[in-house]
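What follows is a set of notes on a single structure, which appears directly below.
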Amino acid sequence: MEVKISSNPYQTLFKKLTDKLNVIQQYKMRKFLFFTILYIFASGVNGSYCLDKITSNSILRRNYLNVMQLYNGAMLTSARTNMFIVPAIDNSPIRDLIYFPYNGQVGHVAVPLHGTIMIEFLQSYLINKIRFWMYDYDSRITHMQVFAIGDDRMTETLIYEGSAPPGVMSVKFDQQLVSKLKFYNKNGNTLYEHMSILKIQAYYAFYQ
């Protein structure tokens, strides 16, 4: 005679609960792995994008240094129409040596009424500030304009208009890609008709 042994109902219930818990844990683990992989992938993409963006901005801003220098490829493209006042020394406003007077004078470039001083960069740079050193061996005040020429090398944006006193002027403006800077002698100065500049700088600045 065959005897059937009935299973314990508690054991059956426990087994079912255990199976369900295993299924739930497996689902949670898969879900966790899925979102972990998704996060890692997204972080990698965003990290690479951010790094590329930071590197690109740094190049466009030339590492936040002066972009108007001879060794950086800047050129005084208006040289043939400009006047280099002090003979036998470098008068360019984008030269590096500016603190050595020659017979009591310092080299500078000048233009007559309605003349221009044009500096072209090696490439377009993202800048938001310029500094220019007006002739300061007397008290002349120069009536002038400064234009930033865009990446297309044609579009001009007025970034300064006024009466510049002797010494160093700083002009802050909205950041933009600039390929050239044009200094225009609008109305001469209070002593003569010329606009005379010793040095020009341009760069990206975080602060005033």
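Here, A, B, ... name the chains of the structure tokens in the order displayed, residue numbers run from 1 inside each chain, and ligands are numbered from 1 in the same displayed order.
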
Using only C-alpha atoms, what table do you get, as a tab-separated table, when you list each residue of region 96-164 of chain A with an atom no more than 7 Å from region 182-200 of chain A, its nearest pair of atoms, and their distance in Å rounded to one decimal, rows by chain then rising number?
```
residue	atom	partner	partner_atom	distance
A:Gly107	CA	A:Leu198	CA	6.7
A:His108	CA	A:Leu198	CA	4.4
A:Val109	CA	A:Ile197	CA	5.6
A:Ala110	CA	A:Ser196	CA	4.2
A:Val111	CA	A:Met195	CA	5.5
A:Pro112	CA	A:His194	CA	4.6
A:Leu113	CA	A:Glu193	CA	5.5
A:His114	CA	A:Asn185	CA	4.8
A:Gly115	CA	A:Asn185	CA	5.4
A:Thr116	CA	A:Tyr184	CA	4.6
A:Ile117	CA	A:Phe183	CA	5.0
A:Met118	CA	A:Lys182	CA	4.6
A:Ile119	CA	A:Lys182	CA	6.6
A:Arg131	CA	A:Ile200	CA	5.8
A:Phe132	CA	A:Ile200	CA	4.3
A:Trp133	CA	A:Lys199	CA	5.1
A:Met134	CA	A:Ile197	CA	4.6
A:Tyr135	CA	A:Ile197	CA	5.4
A:Arg140	CA	A:Thr190	CA	5.3
A:Ile141	CA	A:Asn189	CA	5.2
A:Thr142	CA	A:Asn189	CA	4.0
A:His143	CA	A:Asn187	CA	5.2
A:Met144	CA	A:Lys186	CA	4.8
A:Gln145	CA	A:Tyr184	CA	5.1
A:Val146	CA	A:Phe183	CA	4.6
A:Phe147	CA	A:Lys182	CA	5.0
A:Ala148	CA	A:Lys182	CA	6.5
```

Dump as a PDB file, in the first residue's frame, selection limited to C-alpha atoms:
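result_21.pdb, freshly written:
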```
ATOM      1  CA  GLY A 107      58.302 105.024 -29.478  1.00  0.00           C
ATOM      2  CA  HIS A 108      54.700 105.428 -30.584  1.00  0.00           C
ATOM      3  CA  VAL A 109      52.526 105.335 -33.670  1.00  0.00           C
ATOM      4  CA  ALA A 110      50.354 108.241 -34.847  1.00  0.00           C
ATOM      5  CA  VAL A 111      47.727 108.892 -37.507  1.00  0.00           C
ATOM      6  CA  PRO A 112      46.318 112.159 -38.875  1.00  0.00           C
ATOM      7  CA  LEU A 113      42.695 113.255 -38.616  1.00  0.00           C
ATOM      8  CA  HIS A 114      40.296 110.470 -39.712  1.00  0.00           C
ATOM      9  CA  GLY A 115      43.185 108.017 -39.929  1.00  0.00           C
ATOM     10  CA  THR A 116      43.061 104.480 -38.538  1.00  0.00           C
ATOM     11  CA  ILE A 117      45.320 102.083 -36.677  1.00  0.00           C
ATOM     12  CA  MET A 118      44.361  98.519 -37.597  1.00  0.00           C
ATOM     13  CA  ILE A 119      45.647  95.407 -35.828  1.00  0.00           C
ATOM     14  CA  ARG A 131      43.725  98.438 -22.876  1.00  0.00           C
ATOM     15  CA  PHE A 132      45.489 101.172 -24.801  1.00  0.00           C
ATOM     16  CA  TRP A 133      48.165 103.611 -23.699  1.00  0.00           C
ATOM     17  CA  MET A 134      47.615 107.074 -25.125  1.00  0.00           C
ATOM     18  CA  TYR A 135      50.553 109.419 -25.617  1.00  0.00           C
ATOM     19  CA  ARG A 140      46.419 116.167 -24.969  1.00  0.00           C
ATOM     20  CA  ILE A 141      42.969 114.564 -24.929  1.00  0.00           C
ATOM     21  CA  THR A 142      42.125 112.551 -28.037  1.00  0.00           C
ATOM     22  CA  HIS A 143      38.640 112.208 -29.526  1.00  0.00           C
ATOM     23  CA  MET A 144      38.504 108.703 -30.930  1.00  0.00           C
ATOM     24  CA  GLN A 145      36.559 105.518 -31.603  1.00  0.00           C
ATOM     25  CA  VAL A 146      37.495 101.846 -31.319  1.00  0.00           C
ATOM     26  CA  PHE A 147      35.819  99.111 -33.363  1.00  0.00           C
ATOM     27  CA  ALA A 148      35.944  95.333 -32.911  1.00  0.00           C
TER      28      ALA A 148
END
```

Contacts of Met154 (chain A) within 12 Å, only C-alpha atoms, excl. fewer than 2 positions in-chain, as a ChimeraX atom specification = /A:120,147-152,156-157,178-182

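The neighbours of Gln201 (chain A) here are the residues that come within 10 Å of it, using only C-alpha atoms and leaving out any residue fewer than 2 positions away in the same chain; they are Leu65, Asn66, Val67, Met68, Gln69, Pro93, Ile94, Lys129, Ile130, Arg131, Phe132, Trp133, Ser170, Lys199 and Tyr203 of chain A.
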
Any chance you can output those residues with N, CA, C and O atoms as a JSON list (two decimals), in the first residue's frame?
```
[["chain", "number", "residue", "atom", "x", "y", "z"],
["A", 65, "LEU", "N", 45.45, 85.40, -22.05],
["A", 65, "LEU", "CA", 46.62, 86.27, -22.19],
["A", 65, "LEU", "C", 46.37, 87.31, -23.29],
["A", 65, "LEU", "O", 45.41, 87.22, -24.05],
["A", 66, "ASN", "N", 47.25, 88.28, -23.37],
["A", 66, "ASN", "CA", 47.16, 89.32, -24.38],
["A", 66, "ASN", "C", 47.31, 88.72, -25.78],
["A", 66, "ASN", "O", 48.29, 88.03, -26.07],
["A", 67, "VAL", "N", 46.35, 88.99, -26.66],
["A", 67, "VAL", "CA", 46.39, 88.43, -28.01],
["A", 67, "VAL", "C", 47.05, 89.38, -29.00],
["A", 67, "VAL", "O", 47.32, 89.00, -30.14],
["A", 68, "MET", "N", 47.31, 90.61, -28.58],
["A", 68, "MET", "CA", 47.87, 91.61, -29.49],
["A", 68, "MET", "C", 49.37, 91.74, -29.28],
["A", 68, "MET", "O", 49.87, 92.75, -28.77],
["A", 69, "GLN", "N", 50.09, 90.70, -29.66],
["A", 69, "GLN", "CA", 51.54, 90.70, -29.53],
["A", 69, "GLN", "C", 52.16, 90.16, -30.82],
["A", 69, "GLN", "O", 51.60, 89.27, -31.47],
["A", 93, "PRO", "N", 52.60, 99.61, -31.75],
["A", 93, "PRO", "CA", 51.81, 99.50, -30.52],
["A", 93, "PRO", "C", 51.61, 98.06, -30.05],
["A", 93, "PRO", "O", 51.03, 97.84, -28.99],
["A", 94, "ILE", "N", 52.09, 97.08, -30.83],
["A", 94, "ILE", "CA", 51.99, 95.68, -30.39],
["A", 94, "ILE", "C", 53.37, 95.09, -30.09],
["A", 94, "ILE", "O", 53.53, 93.88, -29.97],
["A", 129, "LYS", "N", 37.88, 92.67, -23.32],
["A", 129, "LYS", "CA", 38.53, 93.84, -22.73],
["A", 129, "LYS", "C", 39.74, 94.25, -23.56],
["A", 129, "LYS", "O", 40.47, 93.40, -24.07],
["A", 130, "ILE", "N", 39.91, 95.56, -23.70],
["A", 130, "ILE", "CA", 41.12, 96.09, -24.33],
["A", 130, "ILE", "C", 41.72, 97.16, -23.42],
["A", 130, "ILE", "O", 41.02, 97.77, -22.61],
["A", 131, "ARG", "N", 43.02, 97.35, -23.56],
["A", 131, "ARG", "CA", 43.73, 98.44, -22.88],
["A", 131, "ARG", "C", 44.60, 99.13, -23.91],
["A", 131, "ARG", "O", 45.24, 98.46, -24.72],
["A", 132, "PHE", "N", 44.62, 100.45, -23.89],
["A", 132, "PHE", "CA", 45.49, 101.17, -24.80],
["A", 132, "PHE", "C", 46.10, 102.37, -24.08],
["A", 132, "PHE", "O", 45.46, 103.04, -23.28],
["A", 133, "TRP", "N", 47.37, 102.58, -24.38],
["A", 133, "TRP", "CA", 48.17, 103.61, -23.70],
["A", 133, "TRP", "C", 48.30, 104.80, -24.64],
["A", 133, "TRP", "O", 49.04, 104.76, -25.62],
["A", 170, "SER", "N", 41.18, 101.56, -20.13],
["A", 170, "SER", "CA", 40.65, 100.20, -20.15],
["A", 170, "SER", "C", 39.20, 100.24, -20.59],
["A", 170, "SER", "O", 38.42, 101.06, -20.10],
["A", 199, "LYS", "N", 50.85, 101.80, -26.85],
["A", 199, "LYS", "CA", 50.72, 100.35, -26.67],
["A", 199, "LYS", "C", 49.25, 99.97, -26.64],
["A", 199, "LYS", "O", 48.41, 100.71, -26.12],
["A", 203, "TYR", "N", 42.37, 91.08, -24.51],
["A", 203, "TYR", "CA", 42.34, 89.76, -23.88],
["A", 203, "TYR", "C", 40.96, 89.49, -23.31],
["A", 203, "TYR", "O", 40.07, 90.36, -23.34]]
```

To one decimal in Å, tell me the separation between CA of Ala202 (chain A) and CA of Tyr64 (chain A).
->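 Separating CA of Ala202 (chain A) from CA of Tyr64 (chain A) is a distance of 9.5 Å.
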